[in-house]
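File shown here: structure.tsv, holding TSV, C-alpha atoms.
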chain	number	residue	atom	x	y	z
R	150	MET	CA	-42.79	-26.62	236.35
R	151	SER	CA	-39.58	-26.88	234.33
R	152	ARG	CA	-37.62	-30.11	234.49
R	153	THR	CA	-33.97	-30.29	235.40
R	154	VAL	CA	-32.02	-32.08	232.67
R	155	TYR	CA	-28.41	-33.16	232.37
R	156	VAL	CA	-26.26	-31.94	229.48
R	157	ASN	CA	-22.53	-32.60	229.29
R	158	GLY	CA	-21.79	-32.35	232.99
R	159	ASP	CA	-24.34	-29.70	233.93
R	160	PHE	CA	-27.78	-29.92	235.53
R	161	VAL	CA	-29.84	-27.16	233.93
R	162	PRO	CA	-33.50	-26.17	233.43
R	163	GLU	CA	-34.81	-27.78	230.25
R	164	GLU	CA	-35.31	-24.36	228.62
R	165	GLU	CA	-31.59	-23.69	228.94
R	166	ALA	CA	-30.40	-27.06	227.63
R	167	ARG	CA	-28.36	-26.76	224.44
R	168	ILE	CA	-26.31	-29.00	222.16
R	169	SER	CA	-24.45	-28.10	218.99
R	170	VAL	CA	-26.14	-28.09	215.57
R	171	PHE	CA	-23.07	-30.08	214.49
R	172	ASP	CA	-23.73	-32.90	216.94
R	173	ARG	CA	-23.40	-36.22	215.11
R	174	GLY	CA	-26.46	-37.60	216.84
R	175	PHE	CA	-28.47	-34.89	215.09
R	176	LEU	CA	-26.69	-35.13	211.73
R	177	PHE	CA	-26.03	-38.87	211.43
R	178	ALA	CA	-27.98	-40.63	214.21
R	179	ASP	CA	-24.48	-41.43	215.43
R	180	GLY	CA	-25.39	-42.23	219.00
R	181	VAL	CA	-26.99	-44.70	221.35
R	182	TYR	CA	-29.58	-44.48	224.10
R	183	GLU	CA	-31.09	-46.26	227.07
R	184	VAL	CA	-34.36	-45.89	228.96
R	185	THR	CA	-34.69	-47.03	232.57
R	186	SER	CA	-37.96	-47.26	234.48
R	187	VAL	CA	-38.54	-45.73	237.89
R	188	LEU	CA	-41.09	-47.17	240.32
R	189	GLY	CA	-41.53	-45.66	243.76
R	190	GLY	CA	-38.56	-43.37	243.12
R	191	ARG	CA	-36.21	-46.32	242.55
R	192	ILE	CA	-34.50	-47.44	239.34
R	193	LEU	CA	-35.21	-50.83	237.77
R	194	ASP	CA	-32.47	-52.94	236.12
R	195	PHE	CA	-29.86	-50.17	236.21
R	196	ASP	CA	-26.86	-52.50	235.92
R	197	GLY	CA	-28.36	-54.28	232.91
R	198	HIS	CA	-29.01	-51.01	231.10
R	199	ALA	CA	-25.54	-49.68	231.94
R	200	ALA	CA	-23.92	-52.87	230.64
R	201	ARG	CA	-25.89	-52.69	227.38
R	202	LEU	CA	-24.94	-49.02	227.01
R	203	GLU	CA	-21.28	-49.97	227.30
R	204	ARG	CA	-21.74	-52.69	224.68
R	205	SER	CA	-23.60	-50.43	222.25
R	206	LEU	CA	-20.92	-47.76	222.54
R	207	ALA	CA	-18.15	-50.32	222.03
R	208	GLU	CA	-19.84	-51.67	218.90
R	209	LEU	CA	-19.71	-48.14	217.46
R	210	GLY	CA	-16.12	-47.55	218.53
R	211	MET	CA	-17.00	-45.24	221.42
R	212	GLY	CA	-16.09	-45.40	225.07
R	213	MET	CA	-18.16	-44.73	228.19
R	214	PRO	CA	-18.14	-40.97	228.82
R	215	VAL	CA	-18.65	-41.40	232.58
R	216	THR	CA	-18.20	-44.22	235.06
R	217	ARG	CA	-21.12	-46.48	235.92
R	218	ASP	CA	-21.19	-45.11	239.48
R	219	ALA	CA	-21.27	-41.53	238.21
R	220	LEU	CA	-24.06	-42.44	235.81
R	221	LEU	CA	-26.11	-43.89	238.65
R	222	GLU	CA	-25.67	-40.71	240.67
R	223	ILE	CA	-26.82	-38.61	237.69
R	224	HIS	CA	-29.95	-40.76	237.45
R	225	ARG	CA	-30.62	-40.41	241.17
R	226	ARG	CA	-30.16	-36.65	241.19
R	227	LEU	CA	-32.50	-36.17	238.23
R	228	ILE	CA	-35.13	-38.38	239.87
R	229	ALA	CA	-34.85	-36.40	243.12
R	230	GLU	CA	-34.78	-32.93	241.57
R	231	ASN	CA	-37.73	-33.68	239.31
R	232	GLY	CA	-39.76	-35.44	242.00
R	233	ILE	CA	-40.17	-38.63	239.95
R	234	ASP	CA	-42.10	-41.34	241.73
R	235	ASP	CA	-43.09	-43.42	238.70
R	236	GLY	CA	-41.54	-42.63	235.35
R	237	LEU	CA	-38.59	-42.96	233.01
R	238	VAL	CA	-35.03	-41.73	232.70
R	239	TYR	CA	-33.83	-41.27	229.11
R	240	LEU	CA	-30.09	-41.31	228.40
R	241	GLN	CA	-28.40	-40.51	225.09
R	242	VAL	CA	-24.70	-40.55	224.19
R	243	THR	CA	-23.41	-39.40	220.80
R	244	ARG	CA	-19.99	-39.20	219.19
R	245	GLY	CA	-20.07	-35.46	219.82
R	246	ALA	CA	-19.96	-32.33	217.70
R	247	ALA	CA	-17.65	-31.89	214.71
R	248	ASP	CA	-17.84	-30.32	211.27
R	249	ARG	CA	-20.11	-32.45	209.08
R	250	ASP	CA	-18.18	-35.34	207.55
R	251	PHE	CA	-19.10	-38.99	207.06
R	252	ALA	CA	-15.72	-39.95	208.54
R	253	TYR	CA	-15.63	-40.09	212.34
R	254	PRO	CA	-14.01	-37.11	214.06
R	255	SER	CA	-10.83	-37.55	216.09
R	256	GLN	CA	-10.95	-39.76	219.16
R	257	ASP	CA	-10.47	-36.77	221.47
R	258	THR	CA	-13.76	-35.17	220.36
R	259	PRO	CA	-15.88	-34.82	223.52
R	260	GLN	CA	-18.96	-37.02	223.48
R	261	THR	CA	-22.40	-35.52	224.03
R	262	VAL	CA	-24.23	-36.90	227.08
R	263	VAL	CA	-27.87	-35.99	227.71
R	264	LEU	CA	-30.31	-37.31	230.32
R	265	PHE	CA	-33.85	-36.29	231.18
R	266	THR	CA	-36.81	-37.67	233.10
R	267	GLN	CA	-40.44	-38.28	232.18
R	268	SER	CA	-43.05	-38.53	234.90
R	269	LYS	CA	-45.46	-41.45	234.34
R	270	PRO	CA	-47.77	-41.77	237.36
R	271	GLY	CA	-49.14	-45.29	237.69
R	272	LEU	CA	-46.59	-46.68	235.21
R	273	ALA	CA	-47.05	-50.22	236.52
R	274	ASP	CA	-50.84	-49.86	236.52
R	275	ASN	CA	-51.33	-49.49	232.77
R	276	PRO	CA	-54.92	-50.58	231.93
R	277	LEU	CA	-53.62	-52.18	228.73
R	278	ALA	CA	-52.09	-54.89	230.92
R	279	ARG	CA	-55.65	-55.95	231.72
R	280	GLU	CA	-57.04	-55.39	228.22
R	281	GLY	CA	-54.12	-56.54	226.06
R	282	LEU	CA	-52.56	-55.04	222.94
R	283	LYS	CA	-53.85	-55.20	219.40
R	284	ILE	CA	-51.00	-55.36	216.92
R	285	ILE	CA	-50.45	-55.45	213.17
R	286	SER	CA	-47.58	-56.95	211.20
R	287	ILE	CA	-45.30	-54.90	208.97
R	288	PRO	CA	-42.11	-55.73	207.03
R	289	ASP	CA	-38.89	-55.10	208.95
R	290	GLU	CA	-37.06	-52.43	206.95
R	291	ARG	CA	-34.46	-51.39	209.52
R	292	TRP	CA	-30.70	-51.67	209.19
R	293	GLY	CA	-29.01	-54.97	210.04
R	294	ARG	CA	-27.47	-54.16	213.46
R	295	ARG	CA	-30.57	-53.98	215.59
R	296	ASP	CA	-28.64	-55.36	218.56
R	297	ILE	CA	-27.01	-51.93	218.94
R	298	LYS	CA	-29.45	-49.57	220.68
R	299	THR	CA	-28.89	-46.63	218.36
R	300	VAL	CA	-31.03	-43.51	218.03
R	301	GLN	CA	-32.02	-44.59	214.50
R	302	LEU	CA	-35.71	-44.88	215.36
R	303	LEU	CA	-37.44	-43.48	212.28
R	304	TYR	CA	-38.80	-46.78	210.99
R	305	PRO	CA	-40.06	-47.94	214.40
R	306	SER	CA	-41.75	-44.56	214.70
R	307	MET	CA	-43.33	-45.09	211.28
R	308	GLY	CA	-44.45	-48.54	212.44
R	309	LYS	CA	-46.17	-47.03	215.48
R	310	MET	CA	-48.04	-44.66	213.18
R	311	MET	CA	-49.01	-47.50	210.82
R	312	ALA	CA	-50.48	-49.32	213.80
R	313	LYS	CA	-52.33	-46.22	214.97
R	314	ALA	CA	-53.80	-45.70	211.49
R	315	ALA	CA	-55.01	-49.31	211.55
R	316	GLY	CA	-56.69	-48.88	214.94
R	317	ALA	CA	-54.06	-50.99	216.70
R	318	HIS	CA	-51.62	-50.30	219.54
R	319	ASP	CA	-48.36	-51.47	217.98
R	320	ALA	CA	-46.72	-53.47	215.20
R	321	TRP	CA	-44.59	-56.59	214.99
R	322	MET	CA	-41.94	-56.51	212.29
R	323	THR	CA	-41.29	-59.52	210.07
R	324	GLU	CA	-38.36	-60.62	207.95
R	325	ASP	CA	-37.93	-63.77	205.85
R	326	GLY	CA	-41.31	-64.99	207.05
R	327	HIS	CA	-40.49	-64.67	210.75
R	328	VAL	CA	-41.24	-62.13	213.45
R	329	THR	CA	-38.20	-60.15	214.55
R	330	GLU	CA	-39.63	-57.91	217.28
R	331	GLY	CA	-42.06	-55.11	218.03
R	332	THR	CA	-41.37	-51.47	217.24
R	333	SER	CA	-40.08	-50.90	220.77
R	334	ASN	CA	-40.27	-54.29	222.46
R	335	ASN	CA	-39.39	-57.97	222.21
R	336	ALA	CA	-42.11	-60.35	220.96
R	337	TYR	CA	-43.27	-63.70	222.39
R	338	ILE	CA	-45.87	-66.37	221.82
R	339	VAL	CA	-46.97	-69.29	223.99
R	340	LYS	CA	-47.33	-72.52	222.02
R	341	ASP	CA	-48.32	-75.80	223.70
R	342	GLY	CA	-47.46	-74.22	227.03
R	343	VAL	CA	-43.95	-73.20	225.87
R	344	ILE	CA	-42.81	-69.56	225.78
R	345	VAL	CA	-41.22	-68.89	222.38
R	346	THR	CA	-39.18	-65.79	221.57
R	347	ARG	CA	-36.60	-64.88	218.96
R	348	ASP	CA	-33.06	-65.97	219.81
R	349	LEU	CA	-30.40	-63.30	220.29
R	350	GLY	CA	-28.52	-62.02	217.28
R	351	PRO	CA	-28.09	-58.85	215.22
R	352	GLU	CA	-31.73	-59.07	214.08
R	353	ILE	CA	-33.19	-57.94	217.43
R	354	LEU	CA	-32.42	-55.74	220.40
R	355	HIS	CA	-30.99	-57.68	223.32
R	356	GLY	CA	-33.71	-56.56	225.71
R	357	ILE	CA	-32.83	-56.05	229.36
R	358	THR	CA	-36.41	-56.80	230.37
R	359	ARG	CA	-36.34	-59.80	228.02
R	360	LYS	CA	-33.31	-61.20	229.82
R	361	ALA	CA	-34.90	-60.76	233.25
R	362	VAL	CA	-38.29	-62.16	232.21
R	363	LEU	CA	-36.76	-65.28	230.67
R	364	ARG	CA	-34.74	-65.87	233.83
R	365	PHE	CA	-37.83	-65.48	236.00
R	366	ALA	CA	-39.79	-67.78	233.69
R	367	ARG	CA	-37.17	-70.53	233.96
R	368	GLU	CA	-36.96	-70.09	237.74
R	369	ALA	CA	-40.75	-70.56	237.83
R	370	GLN	CA	-40.32	-73.86	235.92
R	371	MET	CA	-41.85	-72.48	232.74
R	372	LYS	CA	-40.53	-73.90	229.47
R	373	VAL	CA	-38.75	-71.47	227.13
R	374	GLU	CA	-37.59	-71.82	223.52
R	375	GLU	CA	-35.40	-69.12	221.99
R	376	ARG	CA	-36.00	-69.38	218.24
R	377	ALA	CA	-37.66	-67.54	215.40
R	378	PHE	CA	-41.41	-67.97	214.97
R	379	THR	CA	-43.78	-67.15	212.12
R	380	LEU	CA	-46.94	-65.08	212.01
R	381	GLU	CA	-48.81	-68.32	211.30
R	382	GLU	CA	-47.51	-69.75	214.57
R	383	ALA	CA	-48.51	-66.57	216.36
R	384	ALA	CA	-52.03	-66.77	214.91
R	385	ALA	CA	-52.40	-70.29	216.31
R	386	ALA	CA	-50.75	-69.55	219.66
R	387	GLN	CA	-52.42	-69.82	223.03
R	388	GLU	CA	-51.01	-66.48	224.13
R	389	ALA	CA	-48.76	-63.67	222.96
R	390	PHE	CA	-47.03	-60.83	224.78
R	391	VAL	CA	-44.24	-58.27	224.58
R	392	THR	CA	-41.62	-57.01	227.02
R	393	SER	CA	-39.84	-53.68	227.33
R	394	ALA	CA	-38.39	-51.43	230.02
R	395	SER	CA	-41.36	-49.08	229.95
R	396	THR	CA	-44.22	-51.60	229.60
R	397	PHE	CA	-42.69	-54.55	231.51
R	398	VAL	CA	-44.73	-57.57	230.35
R	399	MET	CA	-47.73	-56.65	228.19
R	400	PRO	CA	-50.23	-59.22	226.81
R	401	VAL	CA	-51.11	-59.25	223.11
R	402	VAL	CA	-54.72	-60.25	222.34
R	403	GLU	CA	-55.00	-59.57	218.60
R	404	ILE	CA	-52.69	-59.86	215.58
R	405	ASP	CA	-53.75	-58.44	212.21
R	406	GLY	CA	-57.37	-58.37	213.28
R	407	HIS	CA	-57.49	-61.98	214.52
R	408	PRO	CA	-57.74	-62.86	218.23
R	409	VAL	CA	-54.88	-64.66	219.95
R	410	GLY	CA	-56.24	-67.57	221.96
R	411	ASP	CA	-59.57	-66.50	223.41
R	412	GLY	CA	-58.82	-62.82	222.77
R	413	ARG	CA	-57.98	-62.06	226.40
R	414	PRO	CA	-54.68	-61.70	228.29
R	415	GLY	CA	-53.34	-65.17	229.00
R	416	PRO	CA	-52.31	-66.63	232.36
R	417	ILE	CA	-48.60	-66.93	231.54
R	418	ALA	CA	-48.28	-63.28	230.50
R	419	ILE	CA	-50.26	-62.17	233.54
R	420	ARG	CA	-48.11	-64.25	235.89
R	421	LEU	CA	-44.83	-63.13	234.33
R	422	ARG	CA	-45.85	-59.49	234.70
R	423	GLU	CA	-46.57	-60.05	238.38
R	424	ILE	CA	-43.24	-61.84	238.92
R	425	TYR	CA	-41.23	-59.26	236.98
R	426	LEU	CA	-42.69	-56.28	238.83
R	427	ASP	CA	-42.32	-57.95	242.21
R	428	GLU	CA	-38.72	-59.10	241.70
R	429	SER	CA	-37.61	-55.90	239.96
R	430	ARG	CA	-38.96	-53.74	242.75
R	431	LYS	CA	-37.03	-55.83	245.27
R	432	ALA	CA	-33.78	-55.35	243.33
R	433	SER	CA	-34.32	-51.68	242.44
R	434	LEU	CA	-31.72	-49.06	243.33
Is it possible to express this structure as structure tokens?
Amino acid sequence: MSRTVYVNGDFVPEEEARISVFDRGFLFADGVYEVTSVLGGRILDFDGHAARLERSLAELGMGMPVTRDALLEIHRRLIAENGIDDGLVYLQVTRGAADRDFAYPSQDTPQTVVLFTQSKPGLADNPLAREGLKIISIPDERWGRRDIKTVQLLYPSMGKMMAKAAGAHDAWMTEDGHVTEGTSNNAYIVKDGVIVTRDLGPEILHGITRKAVLRFAREAQMKVEERAFTLEEAAAAQEAFVTSASTFVMPVVEIDGHPVGDGRPGPIAIRLREIYLDESRKASL
């Protein structure tokens, strides 16, 4: 059955969805995106994702094309019309369509706004949460403003394929001897009982799930350090895990072919996943 998607104010069948060949998201990756998870037909962390969308747009000199309330209603209508119980809502905003020029078009150029859903039955029941991820390390060759959630995802996509070719699930990117983040997630280790993750800055995405998980960890009296860590530290860690909107908290059991800890999901990652899913479901919209 065809999905209903949202394009510039209209809800249309996906086969009828159209944007201009001159759209700057297509020509220049001049746009930003967000992905929200849906569990039981309800949206997780909507306000956090909306706030980050506003920030990303502002960093690129763009405004919000619709109000936050209107955006929530678009999400809800797409979820209802597409019968999404567990899944994702993808949102993309670009600077709009204009004749190709490196200079930005005029401020009154209408932005392009696209949303669509993806059904993911059993999203919170991913068997990898019980098995753990195997990851490889690769150099971080992205641009410097990774804190802006732009649609420039070619290198992360390449990283996913490098991991697949190596028989792994994902890759952690490194720069100046330290781990920045995963291809589509924030990275963590547990060292001497302390959760360690990269501090916020332009080097990493300011993860919405990261923010929630760190808050839940502190509320549970777990110790947290926000600082850069090396691959050598990761290799000697008791545990490792990643967080993202679509995978929540996911244990890492192997890095570059070497087991992390005893090679099984660790208790801190397992507990944080339980807490995150429980608390996020309670606060879902």
Across R:Pro288, R:Arg294, R:Arg359, R:Asp319, the smallest distance to Ser306 (chain R), with all atoms listed in the file counted, is shown by R:Asp319
So which one's closest to Arg422 (chain R), R:Val398, R:Leu237, R:Ala366, R:Leu349? Using only C-alpha atoms, please. R:Val398
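The nearest approach to Leu209 (chain R) among the residues R:Thr379, R:Ser268, R:Asn231, R:Thr243, with all atoms listed in the file taken into account, belongs to R:Thr243.
The closest residue to Ile284 (chain R), picked from R:Glu403, R:Asp234, R:Asp296, R:Glu222 and counting all atoms listed in the file, is R:Glu403.
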Neighbour list for Phe195 (chain R) as a PyMOL selection string, cut-off 8 Å, all atoms listed in the file, skip fewer than 4 positions in-chain: chain R and resi 185+199+221+433-434
Separation of CA of Thr266 (chain R) from CA of Arg152 (chain R), in Å and rounded to one decimal: 7.7 Å
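In this model, the gap between CA of Val402 (chain R) and CA of Ser333 (chain R) comes to 17.4 Å.
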CA of Ile285 (chain R) and CA of Ile404 (chain R) are how many Å apart? 5.5 Å
In terms of the shortest atom-to-atom distance over only C-alpha atoms, which of R:Arg367, R:Arg173, R:Arg204, R:Lys269 is closest to Val300 (chain R)? R:Arg173
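Point (-39.7, -48.8, 239.6) has the following residues at most 10 Å away: Thr185, Ser186, Val187, Leu188, Gly189, Gly190, Arg191, Ile192, Leu193, Asp194, Asp234, Asp235, Gly236, Leu237, Leu272, Ala273, Ser395, Leu426, Asp427, Ser429, Arg430, Lys431, Ala432, Ser433 and Leu434 of chain R (atoms considered: all atoms listed in the file).
The shortest atom-to-atom distance to Asp257 (chain R), with only C-alpha atoms taken into account, belongs to R:Gly212 out of R:Gly316, R:Ala418, R:Leu380, R:Gly212.
The set of protein, DNA and RNA residues with any counted atom at most 10 Å from (-28.2, -49.3, 229.9) (only C-alpha atoms) reads Val181, Tyr182, Glu183, Val184, Thr185, Asp194, Phe195, Asp196, Gly197, His198, Ala199, Ala200, Arg201, Leu202, Glu203, Arg204, Ser205, Arg217, Leu220, Tyr239, Leu240, Lys298 and Ile357 of chain R.
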Would you write out those residues with C-alpha atoms, as a PDB file, in the frame of the given file?
ATOM      1  CA  VAL R 181     -26.990 -44.700 221.350  1.00  0.00           C
ATOM      2  CA  TYR R 182     -29.580 -44.480 224.100  1.00  0.00           C
ATOM      3  CA  GLU R 183     -31.090 -46.260 227.070  1.00  0.00           C
ATOM      4  CA  VAL R 184     -34.360 -45.890 228.960  1.00  0.00           C
ATOM      5  CA  THR R 185     -34.690 -47.030 232.570  1.00  0.00           C
ATOM      6  CA  ASP R 194     -32.470 -52.940 236.120  1.00  0.00           C
ATOM      7  CA  PHE R 195     -29.860 -50.170 236.210  1.00  0.00           C
ATOM      8  CA  ASP R 196     -26.860 -52.500 235.920  1.00  0.00           C
ATOM      9  CA  GLY R 197     -28.360 -54.280 232.910  1.00  0.00           C
ATOM     10  CA  HIS R 198     -29.010 -51.010 231.100  1.00  0.00           C
ATOM     11  CA  ALA R 199     -25.540 -49.680 231.940  1.00  0.00           C
ATOM     12  CA  ALA R 200     -23.920 -52.870 230.640  1.00  0.00           C
ATOM     13  CA  ARG R 201     -25.890 -52.690 227.380  1.00  0.00           C
ATOM     14  CA  LEU R 202     -24.940 -49.020 227.010  1.00  0.00           C
ATOM     15  CA  GLU R 203     -21.280 -49.970 227.300  1.00  0.00           C
ATOM     16  CA  ARG R 204     -21.740 -52.690 224.680  1.00  0.00           C
ATOM     17  CA  SER R 205     -23.600 -50.430 222.250  1.00  0.00           C
ATOM     18  CA  ARG R 217     -21.120 -46.480 235.920  1.00  0.00           C
ATOM     19  CA  LEU R 220     -24.060 -42.440 235.810  1.00  0.00           C
ATOM     20  CA  TYR R 239     -33.830 -41.270 229.110  1.00  0.00           C
ATOM     21  CA  LEU R 240     -30.090 -41.310 228.400  1.00  0.00           C
ATOM     22  CA  LYS R 298     -29.450 -49.570 220.680  1.00  0.00           C
ATOM     23  CA  ILE R 357     -32.830 -56.050 229.360  1.00  0.00           C
TER      24      ILE R 357
END
Which residues come within 7 Å of region 384-393 of chain R, counting all atoms listed in the file, excluding same-chain residues fewer than 3 positions away, as a compact mmCIF listing (two decimals) with C-alpha atoms, in the frame of the given file?
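Now in result21.txt:
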# COMPACT_ATOMS: atom_id res chain seq x y z
CA ASN R 334 -40.27 -54.29 222.46
CA ASN R 335 -39.39 -57.97 222.21
CA ALA R 336 -42.11 -60.35 220.96
CA TYR R 337 -43.27 -63.70 222.39
CA ILE R 338 -45.87 -66.37 221.82
CA VAL R 339 -46.97 -69.29 223.99
CA LYS R 340 -47.33 -72.52 222.02
CA GLY R 356 -33.71 -56.56 225.71
CA THR R 358 -36.41 -56.80 230.37
CA ARG R 359 -36.34 -59.80 228.02
CA LEU R 380 -46.94 -65.08 212.01
CA GLU R 381 -48.81 -68.32 211.30
CA THR R 396 -44.22 -51.60 229.60
CA PHE R 397 -42.69 -54.55 231.51
CA VAL R 398 -44.73 -57.57 230.35
CA MET R 399 -47.73 -56.65 228.19
CA PRO R 400 -50.23 -59.22 226.81
CA VAL R 401 -51.11 -59.25 223.11
CA VAL R 402 -54.72 -60.25 222.34
CA ILE R 404 -52.69 -59.86 215.58
CA VAL R 409 -54.88 -64.66 219.95
CA GLY R 410 -56.24 -67.57 221.96
CA GLY R 415 -53.34 -65.17 229.00
CA ALA R 418 -48.28 -63.28 230.50
